[in-house]
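Visitor: Structure: input.pdb, PDB, C-alpha atoms.
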ATOM      1  CA  MET A   1     -22.143 -41.639 -42.580  1.00  0.00           C
ATOM      2  CA  ALA A   2     -18.738 -43.024 -41.595  1.00  0.00           C
ATOM      3  CA  GLU A   3     -18.527 -44.863 -38.288  1.00  0.00           C
ATOM      4  CA  THR A   4     -16.182 -43.530 -35.630  1.00  0.00           C
ATOM      5  CA  LEU A   5     -14.222 -44.856 -32.670  1.00  0.00           C
ATOM      6  CA  THR A   6     -13.631 -42.869 -29.493  1.00  0.00           C
ATOM      7  CA  HIS A   7     -10.313 -43.077 -27.642  1.00  0.00           C
ATOM      8  CA  ILE A   8      -9.748 -40.901 -24.559  1.00  0.00           C
ATOM      9  CA  GLY A   9     -11.912 -38.044 -25.735  1.00  0.00           C
ATOM     10  CA  LYS A  10     -10.785 -38.168 -29.379  1.00  0.00           C
ATOM     11  CA  THR A  11     -13.004 -39.321 -32.219  1.00  0.00           C
ATOM     12  CA  GLU A  12     -11.333 -41.241 -35.023  1.00  0.00           C
ATOM     13  CA  PRO A  13     -12.736 -42.769 -38.219  1.00  0.00           C
ATOM     14  CA  ARG A  14     -13.506 -46.453 -37.925  1.00  0.00           C
ATOM     15  CA  PRO A  15     -11.167 -48.596 -40.103  1.00  0.00           C
ATOM     16  CA  SER A  16     -12.833 -50.588 -42.861  1.00  0.00           C
ATOM     17  CA  GLY A  17     -12.312 -54.130 -44.097  1.00  0.00           C
ATOM     18  CA  TRP A  18     -10.023 -56.480 -42.199  1.00  0.00           C
ATOM     19  CA  GLN A  19      -8.584 -53.586 -40.208  1.00  0.00           C
ATOM     20  CA  GLY A  20     -12.087 -52.827 -38.922  1.00  0.00           C
ATOM     21  CA  ILE A  21     -12.583 -56.447 -37.869  1.00  0.00           C
ATOM     22  CA  ALA A  22      -9.245 -56.431 -36.045  1.00  0.00           C
ATOM     23  CA  ALA A  23     -10.161 -53.140 -34.352  1.00  0.00           C
ATOM     24  CA  ASP A  24     -13.471 -54.572 -33.134  1.00  0.00           C
ATOM     25  CA  TRP A  25     -11.886 -57.698 -31.683  1.00  0.00           C
ATOM     26  CA  SER A  26      -9.018 -55.825 -30.059  1.00  0.00           C
ATOM     27  CA  SER A  27     -11.246 -53.192 -28.450  1.00  0.00           C
ATOM     28  CA  ASP A  28     -12.354 -53.376 -24.836  1.00  0.00           C
ATOM     29  CA  GLN A  29     -15.902 -54.404 -25.787  1.00  0.00           C
ATOM     30  CA  ARG A  30     -17.583 -57.767 -25.700  1.00  0.00           C
ATOM     31  CA  ALA A  31     -17.376 -59.454 -29.089  1.00  0.00           C
ATOM     32  CA  PHE A  32     -20.978 -60.654 -28.801  1.00  0.00           C
ATOM     33  CA  LYS A  33     -22.604 -57.577 -27.298  1.00  0.00           C
ATOM     34  CA  ASN A  34     -26.110 -58.998 -26.975  1.00  0.00           C
ATOM     35  CA  VAL A  35     -25.153 -62.587 -26.158  1.00  0.00           C
ATOM     36  CA  SER A  36     -24.016 -63.952 -22.812  1.00  0.00           C
ATOM     37  CA  TRP A  37     -20.604 -65.532 -22.609  1.00  0.00           C
ATOM     38  CA  GLY A  38     -22.135 -68.873 -21.648  1.00  0.00           C
ATOM     39  CA  LYS A  39     -24.243 -69.017 -24.792  1.00  0.00           C
ATOM     40  CA  ALA A  40     -21.397 -67.723 -26.981  1.00  0.00           C
ATOM     41  CA  MET A  41     -19.004 -70.365 -25.642  1.00  0.00           C
ATOM     42  CA  MET A  42     -21.584 -73.087 -26.239  1.00  0.00           C
ATOM     43  CA  TRP A  43     -21.962 -71.991 -29.870  1.00  0.00           C
ATOM     44  CA  ILE A  44     -18.175 -72.040 -30.287  1.00  0.00           C
ATOM     45  CA  PHE A  45     -18.011 -75.517 -28.728  1.00  0.00           C
ATOM     46  CA  LEU A  46     -20.775 -76.766 -31.032  1.00  0.00           C
ATOM     47  CA  LEU A  47     -18.966 -75.310 -34.036  1.00  0.00           C
ATOM     48  CA  SER A  48     -15.775 -77.167 -33.122  1.00  0.00           C
ATOM     49  CA  ASP A  49     -17.783 -80.354 -32.518  1.00  0.00           C
ATOM     50  CA  THR A  50     -19.375 -79.948 -35.946  1.00  0.00           C
ATOM     51  CA  PHE A  51     -15.920 -80.103 -37.510  1.00  0.00           C
ATOM     52  CA  ILE A  52     -15.111 -83.289 -35.575  1.00  0.00           C
ATOM     53  CA  PHE A  53     -18.317 -85.076 -36.553  1.00  0.00           C
ATOM     54  CA  GLY A  54     -17.890 -83.794 -40.107  1.00  0.00           C
ATOM     55  CA  CYS A  55     -14.390 -85.295 -40.273  1.00  0.00           C
ATOM     56  CA  PHE A  56     -15.704 -88.620 -38.962  1.00  0.00           C
ATOM     57  CA  LEU A  57     -18.489 -88.766 -41.544  1.00  0.00           C
ATOM     58  CA  LEU A  58     -16.169 -87.721 -44.370  1.00  0.00           C
ATOM     59  CA  SER A  59     -13.676 -90.395 -43.325  1.00  0.00           C
ATOM     60  CA  TYR A  60     -16.474 -92.951 -43.262  1.00  0.00           C
ATOM     61  CA  MET A  61     -17.678 -91.987 -46.747  1.00  0.00           C
ATOM     62  CA  THR A  62     -14.110 -92.059 -48.075  1.00  0.00           C
ATOM     63  CA  ALA A  63     -13.503 -95.525 -46.628  1.00  0.00           C
ATOM     64  CA  ARG A  64     -16.791 -96.817 -47.977  1.00  0.00           C
ATOM     65  CA  MET A  65     -16.310 -95.488 -51.504  1.00  0.00           C
ATOM     66  CA  SER A  66     -12.643 -96.510 -51.770  1.00  0.00           C
ATOM     67  CA  THR A  67     -12.896-100.121 -50.594  1.00  0.00           C
ATOM     68  CA  ARG A  68     -13.122-102.841 -53.209  1.00  0.00           C
ATOM     69  CA  VAL A  69     -14.804-105.266 -50.831  1.00  0.00           C
ATOM     70  CA  PRO A  70     -18.641-105.042 -50.779  1.00  0.00           C
ATOM     71  CA  TRP A  71     -19.970-102.936 -47.914  1.00  0.00           C
ATOM     72  CA  PRO A  72     -22.349-104.741 -45.510  1.00  0.00           C
ATOM     73  CA  ASN A  73     -26.033-104.138 -46.212  1.00  0.00           C
ATOM     74  CA  PRO A  74     -27.458-102.043 -43.318  1.00  0.00           C
ATOM     75  CA  SER A  75     -30.916-103.576 -43.748  1.00  0.00           C
ATOM     76  CA  GLU A  76     -29.435-106.994 -42.988  1.00  0.00           C
ATOM     77  CA  VAL A  77     -26.863-105.986 -40.392  1.00  0.00           C
ATOM     78  CA  PHE A  78     -29.264-103.883 -38.302  1.00  0.00           C
ATOM     79  CA  ALA A  79     -32.309-106.135 -38.692  1.00  0.00           C
ATOM     80  CA  LEU A  80     -34.026-107.302 -35.518  1.00  0.00           C
ATOM     81  CA  ARG A  81     -35.771-110.681 -35.293  1.00  0.00           C
ATOM     82  CA  ILE A  82     -39.318-110.258 -33.975  1.00  0.00           C
ATOM     83  CA  GLY A  83     -41.958-112.971 -34.168  1.00  0.00           C
ATOM     84  CA  GLY A  84     -39.739-115.262 -36.227  1.00  0.00           C
ATOM     85  CA  SER A  85     -38.987-112.716 -38.978  1.00  0.00           C
ATOM     86  CA  ASP A  86     -36.202-110.165 -39.457  1.00  0.00           C
ATOM     87  CA  ILE A  87     -37.443-106.565 -39.511  1.00  0.00           C
ATOM     88  CA  PRO A  88     -34.836-104.230 -41.048  1.00  0.00           C
ATOM     89  CA  LEU A  89     -33.807-101.081 -39.123  1.00  0.00           C
ATOM     90  CA  ILE A  90     -36.714-101.343 -36.658  1.00  0.00           C
ATOM     91  CA  LEU A  91     -34.492-100.687 -33.644  1.00  0.00           C
ATOM     92  CA  ILE A  92     -32.805 -97.747 -35.379  1.00  0.00           C
ATOM     93  CA  ALA A  93     -36.200 -96.265 -36.263  1.00  0.00           C
ATOM     94  CA  ILE A  94     -37.314 -96.478 -32.614  1.00  0.00           C
ATOM     95  CA  MET A  95     -34.026 -94.925 -31.437  1.00  0.00           C
ATOM     96  CA  THR A  96     -34.479 -92.061 -33.890  1.00  0.00           C
ATOM     97  CA  PHE A  97     -38.054 -91.479 -32.785  1.00  0.00           C
ATOM     98  CA  VAL A  98     -37.006 -91.409 -29.120  1.00  0.00           C
ATOM     99  CA  LEU A  99     -34.188 -88.929 -29.705  1.00  0.00           C
ATOM    100  CA  ILE A 100     -36.281 -86.604 -31.902  1.00  0.00           C
ATOM    101  CA  SER A 101     -39.060 -86.692 -29.283  1.00  0.00           C
ATOM    102  CA  SER A 102     -36.543 -85.653 -26.629  1.00  0.00           C
ATOM    103  CA  SER A 103     -35.755 -82.573 -28.704  1.00  0.00           C
ATOM    104  CA  GLY A 104     -39.423 -81.566 -28.406  1.00  0.00           C
ATOM    105  CA  THR A 105     -39.493 -81.983 -24.632  1.00  0.00           C
ATOM    106  CA  MET A 106     -36.265 -79.988 -24.362  1.00  0.00           C
ATOM    107  CA  ALA A 107     -37.769 -77.136 -26.392  1.00  0.00           C
ATOM    108  CA  MET A 108     -40.780 -77.052 -24.040  1.00  0.00           C
ATOM    109  CA  ALA A 109     -38.450 -77.056 -21.025  1.00  0.00           C
ATOM    110  CA  VAL A 110     -36.679 -73.951 -22.373  1.00  0.00           C
ATOM    111  CA  ASN A 111     -40.032 -72.264 -22.938  1.00  0.00           C
ATOM    112  CA  PHE A 112     -41.240 -72.917 -19.387  1.00  0.00           C
ATOM    113  CA  GLY A 113     -37.814 -71.979 -18.032  1.00  0.00           C
ATOM    114  CA  TYR A 114     -38.122 -68.442 -19.351  1.00  0.00           C
ATOM    115  CA  ARG A 115     -41.607 -68.320 -17.836  1.00  0.00           C
ATOM    116  CA  ARG A 116     -40.014 -69.159 -14.448  1.00  0.00           C
ATOM    117  CA  ASP A 117     -42.192 -72.265 -14.155  1.00  0.00           C
ATOM    118  CA  ARG A 118     -39.795 -74.359 -12.111  1.00  0.00           C
ATOM    119  CA  ARG A 119     -41.948 -77.474 -11.798  1.00  0.00           C
ATOM    120  CA  LYS A 120     -42.737 -77.921 -15.499  1.00  0.00           C
ATOM    121  CA  THR A 121     -39.193 -77.001 -16.524  1.00  0.00           C
ATOM    122  CA  ALA A 122     -37.626 -79.568 -14.211  1.00  0.00           C
ATOM    123  CA  ILE A 123     -40.118 -82.299 -15.166  1.00  0.00           C
ATOM    124  CA  LEU A 124     -39.574 -81.741 -18.899  1.00  0.00           C
ATOM    125  CA  MET A 125     -35.790 -81.736 -18.468  1.00  0.00           C
ATOM    126  CA  LEU A 126     -35.967 -84.998 -16.527  1.00  0.00           C
ATOM    127  CA  LEU A 127     -38.230 -86.444 -19.223  1.00  0.00           C
ATOM    128  CA  THR A 128     -35.663 -85.376 -21.825  1.00  0.00           C
ATOM    129  CA  ALA A 129     -32.926 -87.060 -19.786  1.00  0.00           C
ATOM    130  CA  ALA A 130     -35.053 -90.233 -19.534  1.00  0.00           C
ATOM    131  CA  LEU A 131     -35.517 -90.315 -23.311  1.00  0.00           C
ATOM    132  CA  GLY A 132     -31.788 -89.751 -23.786  1.00  0.00           C
ATOM    133  CA  ALA A 133     -30.982 -92.579 -21.367  1.00  0.00           C
ATOM    134  CA  THR A 134     -33.427 -94.805 -23.259  1.00  0.00           C
ATOM    135  CA  PHE A 135     -31.597 -94.009 -26.487  1.00  0.00           C
ATOM    136  CA  VAL A 136     -28.229 -94.885 -24.920  1.00  0.00           C
ATOM    137  CA  GLY A 137     -29.691 -98.123 -23.541  1.00  0.00           C
ATOM    138  CA  MET A 138     -30.951 -99.153 -26.979  1.00  0.00           C
ATOM    139  CA  GLN A 139     -27.585 -98.251 -28.474  1.00  0.00           C
ATOM    140  CA  ALA A 140     -25.876-100.483 -25.894  1.00  0.00           C
ATOM    141  CA  PHE A 141     -28.248-103.290 -26.908  1.00  0.00           C
ATOM    142  CA  GLU A 142     -27.359-102.683 -30.571  1.00  0.00           C
ATOM    143  CA  TRP A 143     -23.631-102.824 -29.800  1.00  0.00           C
ATOM    144  CA  THR A 144     -24.046-106.027 -27.776  1.00  0.00           C
ATOM    145  CA  LYS A 145     -26.016-107.669 -30.594  1.00  0.00           C
ATOM    146  CA  LEU A 146     -23.425-106.804 -33.244  1.00  0.00           C
ATOM    147  CA  ILE A 147     -20.472-107.824 -31.065  1.00  0.00           C
ATOM    148  CA  THR A 148     -22.207-111.147 -30.401  1.00  0.00           C
ATOM    149  CA  GLU A 149     -22.644-111.613 -34.159  1.00  0.00           C
ATOM    150  CA  GLY A 150     -18.919-111.102 -34.724  1.00  0.00           C
ATOM    151  CA  VAL A 151     -18.530-107.416 -35.572  1.00  0.00           C
ATOM    152  CA  ARG A 152     -15.136-106.070 -34.505  1.00  0.00           C
ATOM    153  CA  PRO A 153     -13.220-102.852 -35.329  1.00  0.00           C
ATOM    154  CA  TRP A 154     -10.938-104.928 -37.556  1.00  0.00           C
ATOM    155  CA  GLY A 155     -13.547-107.101 -39.284  1.00  0.00           C
ATOM    156  CA  ASN A 156     -17.062-108.507 -39.571  1.00  0.00           C
ATOM    157  CA  PRO A 157     -18.834-111.491 -41.172  1.00  0.00           C
ATOM    158  CA  TRP A 158     -20.611-109.476 -43.894  1.00  0.00           C
ATOM    159  CA  GLY A 159     -18.021-107.567 -45.901  1.00  0.00           C
ATOM    160  CA  ALA A 160     -15.572-104.663 -45.748  1.00  0.00           C
ATOM    161  CA  ALA A 161     -13.433-104.696 -42.603  1.00  0.00           C
ATOM    162  CA  GLN A 162     -13.724-100.898 -42.248  1.00  0.00           C
ATOM    163  CA  PHE A 163     -17.401-101.242 -41.356  1.00  0.00           C
ATOM    164  CA  GLY A 164     -16.767-102.169 -37.717  1.00  0.00           C
ATOM    165  CA  SER A 165     -14.275 -99.402 -36.956  1.00  0.00           C
ATOM    166  CA  SER A 166     -16.462 -96.782 -38.653  1.00  0.00           C
ATOM    167  CA  PHE A 167     -19.566 -97.946 -36.807  1.00  0.00           C
ATOM    168  CA  PHE A 168     -18.032 -98.083 -33.332  1.00  0.00           C
ATOM    169  CA  MET A 169     -16.155 -94.802 -33.754  1.00  0.00           C
ATOM    170  CA  ILE A 170     -19.081 -92.700 -35.028  1.00  0.00           C
ATOM    171  CA  THR A 171     -21.911 -94.141 -32.941  1.00  0.00           C
ATOM    172  CA  GLY A 172     -19.691 -94.397 -29.858  1.00  0.00           C
ATOM    173  CA  PHE A 173     -18.622 -90.766 -30.092  1.00  0.00           C
ATOM    174  CA  HIS A 174     -22.234 -89.682 -30.518  1.00  0.00           C
ATOM    175  CA  GLY A 175     -23.415 -91.935 -27.698  1.00  0.00           C
ATOM    176  CA  THR A 176     -20.808 -90.356 -25.422  1.00  0.00           C
ATOM    177  CA  HIS A 177     -22.256 -86.934 -26.209  1.00  0.00           C
ATOM    178  CA  VAL A 178     -25.760 -88.152 -25.394  1.00  0.00           C
ATOM    179  CA  THR A 179     -24.577 -89.665 -22.101  1.00  0.00           C
ATOM    180  CA  ILE A 180     -22.849 -86.421 -21.078  1.00  0.00           C
ATOM    181  CA  GLY A 181     -25.997 -84.517 -22.024  1.00  0.00           C
ATOM    182  CA  VAL A 182     -28.152 -86.788 -19.846  1.00  0.00           C
ATOM    183  CA  ILE A 183     -25.867 -86.177 -16.842  1.00  0.00           C
ATOM    184  CA  PHE A 184     -25.965 -82.401 -17.235  1.00  0.00           C
ATOM    185  CA  LEU A 185     -29.725 -82.412 -17.833  1.00  0.00           C
ATOM    186  CA  ILE A 186     -30.207 -84.114 -14.465  1.00  0.00           C
ATOM    187  CA  ILE A 187     -27.843 -81.637 -12.764  1.00  0.00           C
ATOM    188  CA  VAL A 188     -29.574 -78.560 -14.190  1.00  0.00           C
ATOM    189  CA  ALA A 189     -33.066 -80.021 -13.610  1.00  0.00           C
ATOM    190  CA  ARG A 190     -32.209 -80.555  -9.936  1.00  0.00           C
ATOM    191  CA  LYS A 191     -31.087 -76.953  -9.611  1.00  0.00           C
ATOM    192  CA  VAL A 192     -34.245 -75.708 -11.300  1.00  0.00           C
ATOM    193  CA  TRP A 193     -36.400 -77.850  -8.983  1.00  0.00           C
ATOM    194  CA  ARG A 194     -34.633 -76.523  -5.865  1.00  0.00           C
ATOM    195  CA  GLY A 195     -34.998 -72.930  -7.066  1.00  0.00           C
ATOM    196  CA  ASP A 196     -31.255 -72.263  -7.281  1.00  0.00           C
ATOM    197  CA  PHE A 197     -31.756 -69.990 -10.297  1.00  0.00           C
ATOM    198  CA  ASP A 198     -34.254 -67.893  -8.301  1.00  0.00           C
ATOM    199  CA  THR A 199     -32.304 -67.570  -5.057  1.00  0.00           C
ATOM    200  CA  GLY A 200     -28.815 -67.299  -6.519  1.00  0.00           C
ATOM    201  CA  ARG A 201     -27.630 -70.190  -4.385  1.00  0.00           C
ATOM    202  CA  ARG A 202     -23.925 -70.548  -5.017  1.00  0.00           C
ATOM    203  CA  GLY A 203     -22.793 -73.637  -6.856  1.00  0.00           C
ATOM    204  CA  PHE A 204     -22.231 -75.144 -10.261  1.00  0.00           C
ATOM    205  CA  PHE A 205     -24.031 -72.971 -12.867  1.00  0.00           C
ATOM    206  CA  THR A 206     -25.820 -70.909 -10.189  1.00  0.00           C
ATOM    207  CA  SER A 207     -23.561 -68.184  -8.820  1.00  0.00           C
ATOM    208  CA  ARG A 208     -26.052 -65.484  -9.842  1.00  0.00           C
ATOM    209  CA  THR A 209     -29.844 -65.195  -9.776  1.00  0.00           C
ATOM    210  CA  GLY A 210     -32.115 -65.385 -12.789  1.00  0.00           C
ATOM    211  CA  ARG A 211     -29.807 -67.615 -14.836  1.00  0.00           C
ATOM    212  CA  TYR A 212     -32.552 -69.633 -16.488  1.00  0.00           C
ATOM    213  CA  GLU A 213     -30.553 -69.067 -19.651  1.00  0.00           C
ATOM    214  CA  ASN A 214     -28.580 -72.136 -18.588  1.00  0.00           C
ATOM    215  CA  VAL A 215     -31.637 -74.199 -19.490  1.00  0.00           C
ATOM    216  CA  GLU A 216     -31.491 -72.746 -23.000  1.00  0.00           C
ATOM    217  CA  ILE A 217     -27.747 -73.459 -23.205  1.00  0.00           C
ATOM    218  CA  MET A 218     -28.478 -77.074 -22.352  1.00  0.00           C
ATOM    219  CA  GLY A 219     -31.140 -76.988 -25.053  1.00  0.00           C
ATOM    220  CA  LEU A 220     -28.596 -75.827 -27.628  1.00  0.00           C
ATOM    221  CA  TYR A 221     -26.355 -78.773 -26.804  1.00  0.00           C
ATOM    222  CA  TRP A 222     -29.213 -81.261 -26.871  1.00  0.00           C
ATOM    223  CA  HIS A 223     -30.620 -80.053 -30.191  1.00  0.00           C
ATOM    224  CA  PHE A 224     -27.120 -80.318 -31.667  1.00  0.00           C
ATOM    225  CA  VAL A 225     -26.830 -83.934 -30.506  1.00  0.00           C
ATOM    226  CA  ASP A 226     -30.203 -84.686 -32.114  1.00  0.00           C
ATOM    227  CA  LEU A 227     -29.212 -82.994 -35.367  1.00  0.00           C
ATOM    228  CA  VAL A 228     -25.965 -84.956 -35.574  1.00  0.00           C
ATOM    229  CA  TRP A 229     -27.928 -88.191 -35.193  1.00  0.00           C
ATOM    230  CA  VAL A 230     -30.044 -87.270 -38.224  1.00  0.00           C
ATOM    231  CA  PHE A 231     -26.883 -87.150 -40.342  1.00  0.00           C
ATOM    232  CA  ILE A 232     -25.557 -90.399 -38.843  1.00  0.00           C
ATOM    233  CA  PHE A 233     -28.916 -92.053 -39.496  1.00  0.00           C
ATOM    234  CA  ALA A 234     -28.955 -90.849 -43.103  1.00  0.00           C
ATOM    235  CA  PHE A 235     -25.346 -91.645 -44.019  1.00  0.00           C
ATOM    236  CA  PHE A 236     -24.718 -94.805 -41.998  1.00  0.00           C
ATOM    237  CA  TYR A 237     -28.045 -96.613 -41.768  1.00  0.00           C
ATOM    238  CA  LEU A 238     -29.901 -95.547 -44.940  1.00  0.00           C
ATOM    239  CA  TRP A 239     -27.028 -95.336 -47.406  1.00  0.00           C
TER     240      TRP A 239
END
Please re-express this file's structure in structure tokens.
Guide:
Amino acid sequence: MAETLTHIGKTEPRPSGWQGIAADWSSDQRAFKNVSWGKAMMWIFLLSDTFIFGCFLLSYMTARMSTRVPWPNPSEVFALRIGGSDIPLILIAIMTFVLISSSGTMAMAVNFGYRRDRRKTAILMLLTAALGATFVGMQAFEWTKLITEGVRPWGNPWGAAQFGSSFFMITGFHGTHVTIGVIFLIIVARKVWRGDFDTGRRGFFTSRTGRYENVEIMGLYWHFVDLVWVFIFAFFYLW
């Protein structure tokens, strides 16, 4: 049965193909009928951010494969001396474990948020923020260690000069995302704890009651940050 469109009492056949897509988007209906605008905008933001991180990783791979100078060995560069011996990638492994664990606590916070359990939701969001802050702290330690050892955006003691610029650009951009996420996690957790989503107390994110969906929107952002780190870990530290 052909679909129809109604305009001022008249029923017209629905256009097919690209004309149908244009008709849907130009109509006076919400493009995502069953999705809130907040969640839709977050998905669009994450899609655009995916392109940015993708361009960074592609640029890194291009630089690494095109240089004639040997690329520094990650197992040596990111080794940490413990007990008189160098342990390769131990700090990176701990950072990865911390960030992946924070994704689990964030998922539980979303679950309790939809159950209207304010206390558990706020505690789990604050725990997620604490794990994120721990990750950023360890990343700052990693940066300090490498800078002390002579790594700069324009060179390093181990090989190809592009290593430093690629490292600081990719990990710095990701670390900025984690830091922003930690700040917003604390803001939303405070509002959950005070009951702003239950009372409709006016303010940032809380102009209407029952907006626990904002916890899920924060979860979308946080899971994206964790997923991006998996790709950075695979391409930059293991390759």
Visitor: Identify which of the residues A:Leu46, A:Ala129, A:Phe53, A:Ala63 lies closest to Ile183 in chain A, counting all atoms listed in the file when measuring atom-to-atom distances.
Guide: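 Ranked by minimum distance to Ile183 in chain A, first place goes to A:Ala129.
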Visitor: May I have the residues within 8 Å of Gly38 in chain A as number ranges by chain, using all atoms listed in the file and disregarding those fewer than 4 positions away in the same chain?
Guide: A: 42, 214, 217
Visitor: Since I can't run it myself right now, could you work out what the PyMOL selection byres ((chain A and resi 152) around 12) selects here and report it as a PyMOL selection string?
Guide: chain A and resi 143-151+153-169
Visitor: Let me have the centre and edge lengths in Å, one decimal, of the box along x, y and z around every listed atom of range 137-152 of chain A with 5 Å of margin on each side, as lines of an AutoDock Vina configuration file.
Guide:
center_x = -23.0
center_y = -104.9
center_z = -29.6
size_x = 25.8
size_y = 23.5
size_z = 22.0
Visitor: Smallest atom-to-atom distance to Gln139 in chain A: which of A:Phe224, A:Tyr60, A:Phe78, A:Phe184, using all atoms listed in the file?
Guide: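 Distance minimum relative to Gln139 in chain A lands on A:Phe78.
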Visitor: Name the residues, using the chain letters and numbers of the file, that sit within 10 Å of (-35.8, -90.0, -21.1) when counting all atoms listed in the file, and give them as a PyMOL selection string.
Guide: chain A and resi 98-99+101-102+105+124-136+182
Visitor: What residues have an atom no more than 10 Å from (-23.6, -68.3, -21.4) in the file's own frame, counting all atoms listed in the file, and can you write them as a list in words?
Guide: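 Within 10 Å of (-23.6, -68.3, -21.4), the protein and nucleic acid residues are Val35, Ser36, Trp37, Gly38, Lys39, Ala40, Met41, Met42, Trp43, Phe205, Arg211, Glu213, Asn214, Glu216 and Ile217 of chain A.
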Visitor: Would you kindly translate the PyMOL selection byres ((chain A and resi 189) around 9) into the concrete residues it picks from this file, as a list of chain:residue names?
Guide: A:Arg118, A:Thr121, A:Ala122, A:Ile123, A:Leu124, A:Met125, A:Leu126, A:Phe184, A:Leu185, A:Ile186, A:Ile187, A:Val188, A:Arg190, A:Lys191, A:Val192, A:Trp193, A:Arg194, A:Val215
Visitor: How many Å lie between CA of Ile90 in chain A and CA of Pro72 in chain A, rounded to one decimal?
Guide: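 For CA of Ile90 in chain A relative to CA of Pro72 in chain A, the distance reads 17.2 Å.
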Visitor: Just want the 12 Å neighbourhood of Asp49 in chain A, counted on all atoms listed in the file, with same-chain residues fewer than 3 positions away dropped. Output as a list in words.
Guide: Met42, Trp43, Ile44, Phe45, Leu46, Ile52, Phe53, Gly54, Cys55, Phe56, Phe173, His174, His177, Tyr221, Phe224, Val225 and Val228 of chain A
Visitor: Which distance in Å separates CA of Phe112 in chain A and CA of Phe197 in chain A, to one decimal?
Guide: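 Straight-line distance from CA of Phe112 in chain A to CA of Phe197 in chain A works out to 13.5 Å.
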Visitor: Looking at A:His223, A:Asp198, A:Ala234, A:Ile87, which one is nearest to Val178 in chain A, with distances taken over all atoms listed in the file?
Guide: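 Among the listed residues, A:His223 lies closest to Val178 in chain A.
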Visitor: Can you spell out as a list in words the set of residues that the PyMOL selection byres ((chain A and resi 75) around 9) selects in the structure I just provided?
Guide: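 Checked against the file, the PyMOL selection byres ((chain A and resi 75) around 9) matches Pro72, Asn73, Pro74, Glu76, Val77, Phe78, Ala79, Ile87, Pro88, Leu89, Tyr237 and Leu238 of chain A.
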Visitor: So how many Å separate CA of Trp239 in chain A and CA of Gly172 in chain A, to one decimal?
Guide: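 The value is 19.0 Å.
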Visitor: Choose the residue, out of A:Ala140, A:Met61, A:Leu220, A:Met106, that has the smallest atom-to-atom separation from Ile232 in chain A; count only C-alpha atoms.
Guide: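 Closest to Ile232 in chain A, using only C-alpha atoms: A:Met61.
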Visitor: Which residue out of A:Glu142, A:Asp196, A:Met108, A:Ser103 has the minimum interatomic distance to Gly181 in chain A when all atoms listed in the file are used?
Guide: A:Ser103
Visitor: Please, can range 42-52 of chain A be completed to N, CA, C and O atoms and returned as a CSV table (one decimal), in the coordinates of the input?
Guide:
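In the end it all went to part09.csv:
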chain,number,residue,atom,x,y,z
A,42,MET,N,-20.9,-71.9,-25.8
A,42,MET,CA,-21.6,-73.1,-26.2
A,42,MET,C,-21.6,-73.1,-27.8
A,42,MET,O,-21.4,-74.2,-28.4
A,43,TRP,N,-21.9,-72.0,-28.4
A,43,TRP,CA,-22.0,-72.0,-29.9
A,43,TRP,C,-20.6,-72.3,-30.4
A,43,TRP,O,-20.5,-73.0,-31.4
A,44,ILE,N,-19.5,-71.8,-29.8
A,44,ILE,CA,-18.2,-72.0,-30.3
A,44,ILE,C,-17.8,-73.5,-30.1
A,44,ILE,O,-17.2,-74.2,-31.0
A,45,PHE,N,-18.2,-74.1,-29.0
A,45,PHE,CA,-18.0,-75.5,-28.7
A,45,PHE,C,-18.7,-76.4,-29.8
A,45,PHE,O,-18.2,-77.3,-30.3
A,46,LEU,N,-20.0,-76.0,-30.1
A,46,LEU,CA,-20.8,-76.8,-31.0
A,46,LEU,C,-20.2,-76.6,-32.4
A,46,LEU,O,-20.2,-77.6,-33.2
A,47,LEU,N,-19.6,-75.5,-32.7
A,47,LEU,CA,-19.0,-75.3,-34.0
A,47,LEU,C,-17.8,-76.2,-34.2
A,47,LEU,O,-17.6,-76.9,-35.2
A,48,SER,N,-16.9,-76.3,-33.1
A,48,SER,CA,-15.8,-77.2,-33.1
A,48,SER,C,-16.2,-78.6,-33.2
A,48,SER,O,-15.6,-79.4,-33.9
A,49,ASP,N,-17.3,-79.0,-32.5
A,49,ASP,CA,-17.8,-80.4,-32.5
A,49,ASP,C,-18.3,-80.7,-33.9
A,49,ASP,O,-18.3,-81.9,-34.3
A,50,THR,N,-18.9,-79.7,-34.6
A,50,THR,CA,-19.4,-79.9,-35.9
A,50,THR,C,-18.2,-80.4,-36.9
A,50,THR,O,-18.4,-81.3,-37.7
A,51,PHE,N,-17.1,-79.7,-36.7
A,51,PHE,CA,-15.9,-80.1,-37.5
A,51,PHE,C,-15.5,-81.5,-37.2
A,51,PHE,O,-15.1,-82.3,-38.1
A,52,ILE,N,-15.5,-81.9,-35.9
A,52,ILE,CA,-15.1,-83.3,-35.6
A,52,ILE,C,-16.1,-84.3,-36.2
A,52,ILE,O,-15.6,-85.3,-36.8
